[in-house]
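To be precise, the following lines are my_file.txt, and they hold compact mmCIF, C-alpha atoms.
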# COMPACT_ATOMS: atom_id res chain seq x y z
CA MET A 1 -46.90 60.63 -52.51
CA ARG A 2 -50.06 59.73 -50.69
CA ILE A 3 -49.81 57.12 -47.88
CA ALA A 4 -53.00 55.35 -46.95
CA GLY A 5 -54.20 55.53 -43.37
CA ASN A 6 -54.27 51.73 -43.06
CA THR A 7 -50.56 51.52 -43.91
CA VAL A 8 -49.67 54.11 -41.27
CA LEU A 9 -51.78 52.33 -38.71
CA ARG A 10 -50.33 48.92 -39.57
CA ARG A 11 -46.74 50.16 -39.28
CA TYR A 12 -47.47 51.97 -36.06
CA MET A 13 -49.01 48.87 -34.47
CA HIS A 14 -46.10 46.70 -35.62
CA ASN A 15 -43.50 49.02 -34.05
CA LEU A 16 -45.58 49.40 -30.90
CA GLU A 17 -45.83 45.62 -30.44
CA ARG A 18 -42.10 45.20 -31.12
CA ASN A 19 -41.14 47.81 -28.52
CA MET A 20 -43.57 46.33 -26.04
CA GLY A 21 -42.04 42.89 -26.65
CA ASN A 22 -38.52 44.26 -26.11
CA LYS A 23 -39.65 45.89 -22.86
CA ASN A 24 -41.27 42.66 -21.67
CA LYS A 25 -38.17 40.67 -22.64
CA ALA A 26 -35.94 43.04 -20.66
CA GLU A 27 -38.25 42.77 -17.66
CA ASN A 28 -38.20 38.95 -17.86
CA GLN A 29 -34.38 38.99 -18.04
CA LEU A 30 -34.28 41.21 -14.96
CA TYR A 31 -36.75 39.17 -12.91
CA SER A 32 -35.36 35.74 -13.95
CA ALA A 33 -31.71 36.91 -13.82
CA ARG A 34 -31.12 35.11 -17.12
CA TYR A 35 -30.33 36.33 -20.60
CA PHE A 36 -32.49 33.62 -22.18
CA ASN A 37 -34.85 30.86 -21.09
CA ARG A 38 -35.02 28.97 -24.38
CA ALA A 39 -32.15 27.85 -26.58
CA SER A 40 -33.88 29.41 -29.59
CA GLU A 41 -33.44 32.87 -28.07
CA ASN A 42 -29.63 32.63 -28.38
CA PRO A 43 -28.51 29.32 -29.96
CA ILE A 44 -24.77 30.04 -29.82
CA LYS A 45 -24.68 30.99 -26.14
CA ALA A 46 -27.14 28.21 -25.33
CA ALA A 47 -24.83 25.58 -26.87
CA ARG A 48 -21.85 26.91 -24.92
CA ALA A 49 -23.91 27.10 -21.74
CA LEU A 50 -24.99 23.45 -22.11
CA ARG A 51 -21.36 22.35 -22.39
CA VAL A 52 -20.53 24.31 -19.25
CA ARG A 53 -23.53 22.83 -17.43
CA LYS A 54 -22.41 19.30 -18.36
CA ALA A 55 -18.90 20.03 -17.09
CA ILE A 56 -20.37 21.32 -13.79
CA ASN A 57 -22.55 18.22 -13.48
CA ASP A 58 -19.51 15.98 -14.10
CA LEU A 59 -17.55 17.86 -11.44
CA ASP A 60 -20.42 17.43 -8.99
CA THR A 61 -20.30 13.68 -9.65
CA TYR A 62 -16.51 13.61 -9.17
CA GLN A 63 -16.82 15.54 -5.91
CA ASP A 64 -19.46 13.13 -4.62
CA ASN A 65 -17.15 10.23 -5.52
CA LEU A 66 -14.22 11.93 -3.79
CA ARG A 67 -16.21 12.58 -0.62
CA THR A 68 -17.31 8.93 -0.57
CA ALA A 69 -13.73 7.81 -1.18
CA ASN A 70 -12.51 10.13 1.58
CA ALA A 71 -14.94 8.53 4.04
CA ILE A 72 -13.77 5.07 2.94
CA TYR A 73 -10.10 5.90 3.36
CA GLU A 74 -10.62 7.58 6.73
CA ASN A 75 -12.38 4.47 8.02
CA ALA A 76 -9.80 2.19 6.42
CA GLU A 77 -6.98 4.14 8.05
CA SER A 78 -8.73 4.06 11.40
CA SER A 79 -9.26 0.28 11.16
CA VAL A 80 -5.71 -0.53 10.08
CA MET A 81 -4.24 1.78 12.75
CA LYS A 82 -6.38 -0.02 15.33
CA VAL A 83 -5.09 -3.36 14.02
CA SER A 84 -1.54 -2.03 14.35
CA SER A 85 -2.27 -0.97 17.92
CA ILE A 86 -3.69 -4.42 18.68
CA MET A 87 -0.56 -6.04 17.25
CA GLN A 88 1.54 -3.98 19.63
CA SER A 89 -0.67 -5.05 22.55
CA VAL A 90 -0.40 -8.71 21.51
CA TYR A 91 3.37 -8.35 21.24
CA GLU A 92 3.53 -6.98 24.79
CA HIS A 93 1.28 -9.76 26.07
CA LEU A 94 3.49 -12.37 24.40
CA ILE A 95 6.66 -10.92 25.89
CA LYS A 96 5.06 -10.96 29.33
CA GLY A 97 3.76 -14.49 28.85
CA ALA A 98 7.05 -15.79 27.49
CA HIS A 99 9.44 -14.16 29.93
CA GLY A 100 7.32 -13.31 32.98
CA SER A 101 7.01 -15.37 36.13
CA TYR A 102 3.51 -16.66 35.44
CA ASN A 103 1.89 -19.97 36.27
CA GLU A 104 -0.19 -21.94 33.80
CA ASP A 105 -3.43 -20.24 34.85
CA ASP A 106 -1.92 -16.79 34.28
CA ALA A 107 -0.65 -17.86 30.85
CA GLU A 108 -4.15 -19.13 30.01
CA ILE A 109 -5.63 -15.74 30.91
CA ILE A 110 -3.10 -13.95 28.71
CA ALA A 111 -3.84 -16.38 25.87
CA ASP A 112 -7.59 -15.74 26.17
CA SER A 113 -6.93 -12.00 25.95
CA ILE A 114 -4.89 -12.55 22.80
CA ASP A 115 -7.71 -14.64 21.26
CA ARG A 116 -10.12 -11.75 21.90
CA PHE A 117 -7.67 -9.44 20.14
CA ALA A 118 -7.85 -11.73 17.08
CA GLU A 119 -11.66 -11.54 17.10
CA GLU A 120 -11.50 -7.76 17.36
CA MET A 121 -9.22 -7.59 14.31
CA VAL A 122 -11.75 -9.69 12.35
CA GLN A 123 -14.49 -7.21 13.24
CA LEU A 124 -12.31 -4.28 12.19
CA MET A 125 -11.53 -5.89 8.83
CA ASN A 126 -15.22 -6.62 8.15
CA ILE A 127 -16.42 -3.01 8.45
CA ILE A 128 -18.89 -1.59 5.93
CA VAL A 129 -18.46 1.96 4.62
CA ALA A 130 -20.71 3.49 1.95
CA ASP A 131 -22.44 0.10 1.49
CA ARG A 132 -19.09 -1.56 0.75
CA ARG A 133 -17.08 -4.15 2.66
CA ILE A 134 -13.95 -2.16 2.00
CA PHE A 135 -11.50 -4.97 2.87
CA GLY A 136 -13.42 -7.61 0.94
CA GLY A 137 -12.16 -6.89 -2.58
CA VAL A 138 -15.13 -6.99 -4.96
CA ASN A 139 -17.40 -9.00 -2.67
CA ASN A 140 -20.05 -7.06 -0.72
CA SER A 141 -22.47 -9.89 -0.05
CA SER A 142 -20.72 -11.77 2.77
CA LEU A 143 -18.13 -11.35 5.51
CA ALA A 144 -14.58 -11.26 4.20
CA PHE A 145 -12.80 -12.52 7.35
CA LYS A 146 -13.90 -15.34 9.63
CA ILE A 147 -12.43 -17.42 12.45
CA GLU A 148 -13.45 -21.07 12.71
CA ASN A 149 -11.83 -23.75 14.86
CA GLY A 150 -8.68 -21.74 15.41
CA ASN A 151 -8.18 -20.95 11.71
CA ALA A 152 -8.51 -17.58 9.97
CA TYR A 153 -10.34 -17.52 6.62
CA TYR A 154 -10.62 -14.95 3.84
CA HIS A 155 -13.70 -15.49 1.67
CA GLY A 156 -13.86 -19.09 2.90
CA ILE A 157 -10.21 -19.92 2.11
CA PRO A 158 -7.68 -20.47 4.92
CA LEU A 159 -5.31 -17.52 4.97
CA ASN A 160 -2.35 -19.91 5.24
CA GLN A 161 -3.25 -21.59 1.94
CA TYR A 162 -1.89 -19.08 -0.59
CA GLN A 163 1.30 -17.07 -0.52
CA ASN A 164 -0.08 -14.77 -3.23
CA PRO A 165 -3.06 -12.62 -2.09
CA GLU A 166 -4.31 -12.43 -5.68
CA LEU A 167 -5.19 -16.13 -5.58
CA PHE A 168 -7.99 -15.61 -3.07
CA PRO A 169 -11.59 -15.22 -4.35
CA TYR A 170 -12.91 -11.71 -4.99
CA ASN A 171 -9.36 -10.37 -5.01
CA GLY A 172 -10.22 -7.60 -7.49
CA ILE A 173 -10.45 -3.93 -6.56
CA SER A 174 -13.42 -1.59 -7.05
CA TYR A 175 -12.65 1.84 -8.51
CA THR A 176 -14.38 5.19 -8.72
CA ASP A 177 -14.02 7.95 -11.31
CA ILE A 178 -12.62 11.16 -9.82
CA GLY A 179 -12.08 13.07 -13.05
CA ILE A 180 -8.46 12.25 -13.84
CA GLY A 181 -9.38 10.55 -17.09
CA MET A 182 -10.65 7.07 -16.30
CA THR A 183 -9.80 4.66 -19.13
CA LEU A 184 -9.87 0.94 -19.87
CA ASN A 185 -6.78 -1.11 -20.62
CA SER A 186 -6.37 -3.63 -23.45
CA SER A 187 -8.17 -6.34 -21.45
CA GLY A 188 -11.23 -4.15 -20.96
CA ARG A 189 -10.56 -3.48 -17.27
CA ILE A 190 -10.18 -0.12 -15.61
CA ASP A 191 -6.64 1.21 -15.76
CA PRO A 192 -5.61 1.49 -12.07
CA GLN A 193 -3.71 4.72 -12.82
CA SER A 194 -6.82 6.42 -14.20
CA ALA A 195 -9.19 5.90 -11.25
CA LEU A 196 -9.19 5.69 -7.47
CA PRO A 197 -9.48 2.31 -5.70
CA ILE A 198 -12.19 2.26 -3.02
CA THR A 199 -11.85 -1.33 -1.79
CA PHE A 200 -8.84 -3.33 -0.63
CA ASN A 201 -7.61 -6.90 -0.74
CA GLY A 202 -7.65 -7.79 2.96
CA ALA A 203 -5.32 -10.75 2.45
CA GLU A 204 -2.71 -8.39 1.04
CA ILE A 205 -3.00 -5.93 3.93
CA LEU A 206 -2.78 -8.48 6.77
CA GLY A 207 -0.60 -10.99 4.93
CA CYS A 208 -1.22 -14.57 3.84
CA GLY A 209 0.53 -17.90 3.41
CA LEU A 210 3.36 -19.28 5.51
CA ASP A 211 6.58 -17.51 6.27
CA SER A 212 9.80 -19.25 5.34
CA LYS A 213 11.19 -21.85 7.76
CA LYS A 214 12.08 -20.24 11.06
CA ILE A 215 15.41 -21.05 12.66
CA THR A 216 16.35 -19.89 16.13
CA PHE A 217 19.31 -20.19 18.47
CA ASP A 218 17.94 -21.49 21.77
CA LEU A 219 19.83 -18.98 23.89
CA ASP A 220 18.90 -20.72 27.15
CA THR A 221 20.90 -23.84 26.21
CA TYR A 222 24.31 -22.14 26.00
CA GLU A 223 26.80 -22.21 28.85
CA PRO A 224 29.32 -19.45 29.56
CA GLY A 225 32.85 -20.15 28.37
CA ARG A 226 31.91 -23.19 26.27
CA ASP A 227 32.95 -23.66 22.63
CA TYR A 228 30.26 -24.27 20.01
CA SER A 229 30.18 -25.21 16.33
CA ILE A 230 27.47 -24.92 13.64
CA ASN A 231 27.23 -25.59 9.94
CA VAL A 232 25.54 -22.74 8.07
CA SER A 233 24.28 -23.21 4.49
CA ILE A 234 23.33 -20.29 2.27
CA GLY A 235 21.97 -21.80 -0.89
CA LYS A 236 24.70 -24.25 -1.99
CA GLU A 237 27.46 -22.65 0.08
CA MET A 238 28.17 -24.17 3.51
CA GLN A 239 30.56 -22.91 6.14
CA THR A 240 31.41 -24.09 9.63
CA VAL A 241 31.04 -21.34 12.20
CA LYS A 242 32.78 -21.67 15.57
CA PHE A 243 32.42 -19.40 18.59
CA THR A 244 32.94 -19.36 22.35
CA ALA A 245 30.06 -18.32 24.58
CA PRO A 246 31.03 -15.23 26.62
CA GLY A 247 31.91 -15.58 30.26
CA ALA A 248 33.88 -18.17 32.23
CA ILE A 249 33.10 -21.86 32.60
CA GLY A 250 31.08 -22.35 35.73
CA ASP A 251 29.28 -19.01 35.60
CA LEU A 252 25.62 -19.45 36.44
CA VAL A 253 24.21 -16.58 34.36
CA MET A 254 24.65 -16.12 30.63
CA ASP A 255 24.76 -12.59 29.20
CA LYS A 256 22.39 -13.24 26.28
CA ASP A 257 23.02 -9.91 24.55
CA ALA A 258 26.74 -10.61 24.60
CA LEU A 259 26.07 -14.17 23.37
CA VAL A 260 24.07 -12.89 20.38
CA ASP A 261 26.81 -10.35 19.58
CA THR A 262 29.37 -13.18 19.70
CA ILE A 263 27.32 -15.37 17.34
CA ASN A 264 26.76 -12.49 14.90
CA ASP A 265 30.46 -11.60 14.93
CA ALA A 266 31.34 -15.23 14.17
CA LEU A 267 28.84 -15.30 11.30
CA PHE A 268 30.23 -12.03 9.96
CA LYS A 269 33.85 -13.24 10.05
CA THR A 270 32.96 -16.57 8.43
CA PHE A 271 30.95 -15.12 5.54
CA ASN A 272 32.69 -11.72 5.43
CA ASN A 273 29.26 -10.05 5.37
CA ARG A 274 26.07 -9.65 7.36
CA TYR A 275 24.33 -12.35 5.35
CA ILE A 276 22.36 -13.70 8.29
CA THR A 277 21.83 -12.25 11.73
CA VAL A 278 20.46 -13.48 15.03
CA GLY A 279 17.88 -11.48 16.99
CA LYS A 280 18.81 -10.55 20.54
CA GLU A 281 15.52 -11.31 22.28
CA SER A 282 14.59 -14.65 20.75
CA GLY A 283 17.64 -15.77 18.79
CA LEU A 284 15.58 -15.80 15.58
CA VAL A 285 17.72 -16.08 12.43
CA THR A 286 17.03 -13.41 9.80
CA ASN A 287 17.95 -14.07 6.18
CA ASN A 288 19.50 -10.93 4.68
CA VAL A 289 20.91 -12.59 1.58
CA ALA A 290 20.06 -10.91 -1.72
CA GLY A 291 17.57 -13.04 -3.64
CA LYS A 292 16.65 -14.87 -0.40
CA PRO A 293 18.21 -18.31 -1.05
CA GLU A 294 17.34 -20.88 1.58
CA VAL A 295 19.40 -20.67 4.74
CA SER A 296 19.87 -23.67 7.04
CA VAL A 297 21.72 -23.89 10.33
CA ILE A 298 22.73 -27.29 11.73
CA SER A 299 24.33 -28.02 15.07
CA THR A 300 27.47 -30.09 14.69
CA PRO A 301 30.24 -31.30 17.00
CA TYR A 302 33.65 -29.89 16.15
CA ASN A 303 35.78 -32.65 14.61
CA GLY A 304 39.09 -30.81 14.45
CA ASN A 305 41.66 -30.13 17.15
CA PRO A 306 40.19 -27.45 19.35
CA THR A 307 42.38 -25.31 21.53
CA HIS A 308 39.78 -25.18 24.28
CA ASP A 309 37.29 -27.75 25.49
CA THR A 310 35.58 -29.90 22.89
CA TYR A 311 33.19 -27.88 20.75
CA LEU A 312 29.59 -28.60 21.71
CA PRO A 313 26.58 -28.80 19.36
CA ALA A 314 24.91 -25.38 19.34
CA GLY A 315 21.32 -25.18 20.56
CA ILE A 316 19.26 -24.75 17.36
CA THR A 317 15.50 -24.97 16.92
CA SER A 318 13.62 -24.91 13.63
CA ILE A 319 9.94 -24.89 12.74
CA PRO A 320 9.67 -26.86 9.47
CA ASN A 321 6.26 -25.56 8.39
CA GLY A 322 7.02 -21.96 9.22
CA PHE A 323 4.87 -19.35 10.91
CA SER A 324 1.72 -17.92 9.39
CA ALA A 325 2.36 -14.73 7.46
CA ASN A 326 -1.17 -13.54 8.30
CA VAL A 327 -1.58 -11.30 11.33
CA ILE A 328 -4.85 -12.81 12.58
CA GLN A 329 -3.70 -16.42 12.23
CA LEU A 330 -0.34 -15.65 13.81
CA VAL A 331 -2.03 -14.00 16.79
CA MET A 332 -4.23 -17.07 17.34
CA ASP A 333 -1.23 -19.40 16.97
CA SER A 334 0.69 -17.39 19.53
CA ALA A 335 -2.21 -17.67 21.96
CA GLN A 336 -2.18 -21.44 21.49
CA ALA A 337 1.55 -21.51 22.25
CA LEU A 338 0.86 -19.87 25.61
CA LYS A 339 -1.98 -22.29 26.30
CA ASP A 340 0.46 -25.14 25.61
CA ASP A 341 2.90 -23.44 28.02
CA ASP A 342 5.51 -23.29 25.24
CA ARG A 343 7.06 -19.99 26.22
CA PHE A 344 10.02 -20.29 23.90
CA LEU A 345 7.67 -20.68 20.92
CA ALA A 346 5.57 -17.76 22.20
CA ALA A 347 8.71 -15.60 22.13
CA GLN A 348 9.31 -16.64 18.53
CA TYR A 349 5.75 -15.69 17.65
CA ALA A 350 6.36 -12.30 19.24
CA ASP A 351 9.31 -11.72 16.90
CA ALA A 352 7.32 -12.92 13.89
CA LEU A 353 4.45 -10.58 14.81
CA PHE A 354 6.87 -7.70 15.18
CA ALA A 355 8.18 -8.42 11.66
CA LEU A 356 4.63 -8.33 10.22
CA GLN A 357 4.16 -4.87 11.74
CA THR A 358 6.19 -3.40 8.86
CA ASN A 359 3.66 -4.41 6.22
CA VAL A 360 0.78 -2.96 8.25
CA SER A 361 2.71 0.29 8.78
CA LEU A 362 3.33 0.54 5.03
CA THR A 363 -0.40 0.12 4.43
CA ILE A 364 -1.16 2.97 6.85
CA ALA A 365 1.36 5.19 5.04
CA LYS A 366 -0.14 4.27 1.65
CA ILE A 367 -3.65 5.09 2.85
CA GLY A 368 -2.41 8.41 4.25
CA ASN A 369 -0.82 9.30 0.91
CA THR A 370 -4.07 8.52 -0.89
CA GLU A 371 -6.01 10.72 1.55
CA GLU A 372 -3.71 13.62 0.63
CA PHE A 373 -4.35 12.83 -3.04
CA ILE A 374 -8.11 12.94 -2.40
CA GLU A 375 -7.77 16.30 -0.62
CA PHE A 376 -5.79 17.66 -3.54
CA ASN A 377 -8.46 16.53 -6.02
CA LEU A 378 -11.26 17.94 -3.89
CA ASP A 379 -9.49 21.32 -3.96
CA ARG A 380 -8.88 20.93 -7.69
CA THR A 381 -12.51 20.14 -8.52
CA THR A 382 -13.75 22.92 -6.22
CA ASN A 383 -11.57 25.49 -8.01
CA ASN A 384 -12.61 24.15 -11.42
CA ARG A 385 -16.27 24.33 -10.41
CA MET A 386 -15.91 27.96 -9.35
CA THR A 387 -14.35 28.76 -12.73
CA LEU A 388 -17.16 27.00 -14.58
CA LEU A 389 -19.80 28.78 -12.49
CA GLU A 390 -18.25 32.10 -13.52
CA GLN A 391 -18.42 31.01 -17.15
CA GLN A 392 -22.04 29.96 -16.70
CA LYS A 393 -22.84 33.31 -15.14
CA ASP A 394 -21.24 35.16 -18.05
CA LEU A 395 -23.19 33.05 -20.55
CA GLU A 396 -26.59 32.87 -18.86
CA ALA A 397 -26.95 35.37 -16.03
CA SER A 398 -28.18 38.87 -16.78
CA LYS A 399 -26.65 41.93 -15.11
CA PRO A 400 -29.33 43.76 -13.05
CA GLU A 401 -27.83 47.22 -13.52
CA GLU A 402 -27.77 46.80 -17.30
CA GLN A 403 -31.28 45.38 -17.39
CA ILE A 404 -32.75 48.19 -15.26
CA THR A 405 -31.13 50.78 -17.52
CA MET A 406 -32.46 48.97 -20.60
CA ILE A 407 -35.97 48.75 -19.13
CA LYS A 408 -36.01 52.51 -18.41
CA VAL A 409 -34.88 53.24 -21.96
CA LEU A 410 -37.52 50.94 -23.45
CA GLU A 411 -40.24 52.39 -21.20
CA SER A 412 -39.30 55.89 -22.42
CA ILE A 413 -39.42 54.73 -26.03
CA PHE A 414 -42.77 53.03 -25.47
CA SER A 415 -44.25 56.16 -23.79
CA ALA A 416 -42.95 58.39 -26.58
CA GLN A 417 -44.44 56.06 -29.13
CA LEU A 418 -47.82 56.21 -27.42
CA GLN A 419 -47.66 60.01 -27.36
CA MET A 420 -46.75 60.06 -31.03
CA GLY A 421 -49.64 57.77 -31.78
CA ALA A 422 -52.02 60.36 -30.37
CA GLN A 423 -51.04 62.66 -33.21
CA ILE A 424 -51.18 60.25 -36.16
CA VAL A 425 -53.85 57.72 -35.23
CA PRO A 426 -57.56 58.62 -35.17
CA MET A 427 -58.79 59.26 -31.64
CA SER A 428 -61.26 56.39 -31.58
CA ILE A 429 -58.52 53.88 -32.50
CA PHE A 430 -56.04 55.50 -30.09
CA ASN A 431 -58.51 55.25 -27.21
CA PHE A 432 -59.01 51.61 -28.07
CA ILE A 433 -55.26 51.01 -27.95
CA ARG A 434 -55.00 52.66 -24.53

What is this structure when it is put down as structure tokens?
Amino acid sequence: MRIAGNTVLRRYMHNLERNMGNKNKAENQLYSARYFNRASENPIKAARALRVRKAINDLDTYQDNLRTANAIYENAESSVMKVSSIMQSVYEHLIKGAHGSYNEDDAEIIADSIDRFAEEMVQLMNIIVADRRIFGGVNNSSLAFKIENGNAYYHGIPLNQYQNPELFPYNGISYTDIGIGMTLNSSGRIDPQSALPITFNGAEILGCGLDSKKITFDLDTYEPGRDYSINVSIGKEMQTVKFTAPGAIGDLVMDKDALVDTINDALFKTFNNRYITVGKESGLVTNNVAGKPEVSVISTPYNGNPTHDTYLPAGITSIPNGFSANVIQLVMDSAQALKDDDRFLAAQYADALFALQTNVSLTIAKIGNTEEFIEFNLDRTTNNRMTLLEQQKDLEASKPEEQITMIKVLESIFSAQLQMGAQIVPMSIFNFIR
């Protein structure tokens, strides 16, 4: 069968161009380190590679969010720990002012120092991190905490006004997506378990409202060896509690620790349980009753037939309105007590401040736990990203050793094809091709 010269030439040129294209493609893959540069070159791998790229981009976003959250929590922890340290300093100042041998001028100086501590706490709670007032809930436009005329405010509302921190304005929490499956609940809000909070309700951290009515035994009014009687009500139950102050009648000094132990023993025997207890330093009554029913303590003369001297009314003091349950307000109130030279009240404020320390310590522990959670998720996303990068490399990146081998093979084929062309293509055409 006779084959026309044009057919031979056409087929030769087609194969030559194809081999040249393969060689150029292999060279491009080597120099770009990629198997393909357009999705049309390998649609299946390209689709898989796009999914991997999106996952990597999402992880990058989650890591950025986690790093921002980590900075927020580190600053929050630092601020709250500083507040806790200030509370301890205020407590020490109050103890000195209440029990030390100071004159009115010295007490005024201590009170001024305590007022400055309150202002410092306000500054700490108004810090801005990552363009957020982290203790201001969902409000970034104005200061969260303020002090005006001796009153502490949160978003313009006195911190004594509400017992529930969720009643204050802007009480919501801002969240960030860290890749644990952020979802919305039935009300259209972010499910708190599916995202990480990055702001805090400052009223919740430092407390708000008024504490329950404070009752104290005025330990300085008791005399050694004397008999005393009180009526104690726990909810609807009332019992008469009688005790004898330790020591002998006529002693000039009362052992206050022994007195408090005596009172607590009498309360225990009367109610057959540690329902209420008296603090040793200030005589503050603590309600330990389950469910927290109201406790009242009333001094009363003993009307029976005592075996010793007539029972005397016990020295009891109560504060009807209660102490502030907010740290800043309580600190300012304690300073005012020293300015008024009411050392007994200052001692009570010291005990109340000490009690609020627990809530602040719990906040520090909670922040610390969240920081560990952030570290865990940073490690998790870093490991996931490394895995995805390996997948991306397998899908998109060419292997240099394979590409070099392929280029050498294709160059050999192309050279052989040119040599073959010298035998089958007329010389004039062959020279033109070269």

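Within 8 Å of segment 70-78 of chain A, once all atoms listed in the file are used and residues closer than 6 positions along the same chain are dropped, the contacting residues are Val129, Ala130, Ile134, Ile198, Ile364, Ile367, Gly368, Thr370, Glu371 and Ile374 of chain A.
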
Within 12 Å of Lys269 of chain A using only C-alpha atoms, minus same-chain residues under 4 positions, as a list in words: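 Everything that qualifies: Gln239, Thr240, Val241, Lys242, Phe243, Thr262, Ile263, Asn264, Asp265, Asn273, Arg274, Tyr275 and Ile276 of chain A.
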
Atomic distance atom CA of Asn326 of chain A - atom CA of Ser113 of chain A, expressed in Å with one decimal: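 Between atom CA of Asn326 of chain A and atom CA of Ser113 of chain A the gap is 18.6 Å.
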
All residues 12 Å or closer to Asp115 of chain A, all atoms listed in the file, same chain fewer than 6 positions away omitted, as a ChimeraX atom specification: /A:86-87,89-90,93-94,108-109,121-122,147,149-152,328-339

Atomic distance atom CA of Ala347 of chain A - atom CA of Ala118 of chain A, expressed in Å with one decimal: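 Between these atoms lies a distance of 17.7 Å.
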
Test item: which residues lie within 12 Å of (-5.7, 5.4, -9.9) counting all atoms listed in the file, as a count of residues only: 24

Minimum-distance residue to Asn65 of chain A, chosen among A:Thr381, A:Thr286, A:Lys256, A:Glu372 (using only C-alpha atoms):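 Smallest distance to Asn65 of chain A is found for A:Thr381.
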
Closest of A:Leu356, A:Ala111, A:Ile249, A:Leu388 to Asp342 of chain A - atom-to-atom distances counting only C-alpha atoms: A:Ala111

Residue with smallest distance to Met238 of chain A - pool A:Leu210, A:Leu267, A:Val409, A:Ile56, counting all atoms listed in the file: A:Leu267

Å distance separating atom CA of Ser85 of chain A from atom CA of Glu204 of chain A, one decimal place: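 Distance between the two atoms: 18.4 Å.
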
Which of A:Glu92, A:Asp255, A:Glu119, A:Glu237 sits closest to Val297 of chain A [using only C-alpha atoms]: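 Closest residue, counting only C-alpha atoms: A:Glu237.
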
Complete the atoms of segment 118-122 of chain A to all heavy atoms and put them out as a PDB file, keeping the file's coordinate frame.
ATOM      1  N   ALA A 118      -7.677 -11.194  18.441  1.00  0.00           N
ATOM      2  CA  ALA A 118      -7.850 -11.730  17.080  1.00  0.00           C
ATOM      3  C   ALA A 118      -9.279 -11.508  16.601  1.00  0.00           C
ATOM      4  O   ALA A 118      -9.513 -11.109  15.444  1.00  0.00           O
ATOM      5  CB  ALA A 118      -7.493 -13.209  17.047  1.00  0.00           C
ATOM      6  N   GLU A 119     -10.250 -11.759  17.470  1.00  0.00           N
ATOM      7  CA  GLU A 119     -11.660 -11.540  17.100  1.00  0.00           C
ATOM      8  C   GLU A 119     -11.924 -10.060  16.826  1.00  0.00           C
ATOM      9  O   GLU A 119     -12.698  -9.724  15.908  1.00  0.00           O
ATOM     10  CB  GLU A 119     -12.556 -12.046  18.223  1.00  0.00           C
ATOM     11  CG  GLU A 119     -12.508 -13.559  18.411  1.00  0.00           C
ATOM     12  CD  GLU A 119     -13.235 -14.008  19.667  1.00  0.00           C
ATOM     13  OE1 GLU A 119     -13.760 -13.127  20.379  1.00  0.00           O
ATOM     14  OE2 GLU A 119     -13.271 -15.228  19.937  1.00  0.00           O
ATOM     15  N   GLU A 120     -11.309  -9.187  17.577  1.00  0.00           N
ATOM     16  CA  GLU A 120     -11.500  -7.760  17.360  1.00  0.00           C
ATOM     17  C   GLU A 120     -10.945  -7.332  16.002  1.00  0.00           C
ATOM     18  O   GLU A 120     -11.536  -6.512  15.299  1.00  0.00           O
ATOM     19  CB  GLU A 120     -10.825  -6.961  18.477  1.00  0.00           C
ATOM     20  CG  GLU A 120     -11.108  -5.461  18.422  1.00  0.00           C
ATOM     21  CD  GLU A 120     -10.517  -4.715  19.592  1.00  0.00           C
ATOM     22  OE1 GLU A 120     -10.080  -5.373  20.568  1.00  0.00           O
ATOM     23  OE2 GLU A 120     -10.473  -3.471  19.537  1.00  0.00           O
ATOM     24  N   MET A 121      -9.799  -7.911  15.623  1.00  0.00           N
ATOM     25  CA  MET A 121      -9.220  -7.590  14.310  1.00  0.00           C
ATOM     26  C   MET A 121     -10.151  -8.040  13.179  1.00  0.00           C
ATOM     27  O   MET A 121     -10.295  -7.345  12.171  1.00  0.00           O
ATOM     28  CB  MET A 121      -7.843  -8.235  14.170  1.00  0.00           C
ATOM     29  CG  MET A 121      -6.755  -7.516  14.947  1.00  0.00           C
ATOM     30  SD  MET A 121      -5.075  -8.061  14.523  1.00  0.00           S
ATOM     31  CE  MET A 121      -5.031  -9.621  15.375  1.00  0.00           C
ATOM     32  N   VAL A 122     -10.791  -9.203  13.357  1.00  0.00           N
ATOM     33  CA  VAL A 122     -11.750  -9.690  12.350  1.00  0.00           C
ATOM     34  C   VAL A 122     -12.887  -8.693  12.194  1.00  0.00           C
ATOM     35  O   VAL A 122     -13.307  -8.359  11.074  1.00  0.00           O
ATOM     36  CB  VAL A 122     -12.271 -11.082  12.728  1.00  0.00           C
ATOM     37  CG1 VAL A 122     -13.470 -11.449  11.861  1.00  0.00           C
ATOM     38  CG2 VAL A 122     -11.173 -12.120  12.570  1.00  0.00           C
TER      39      VAL A 122
END
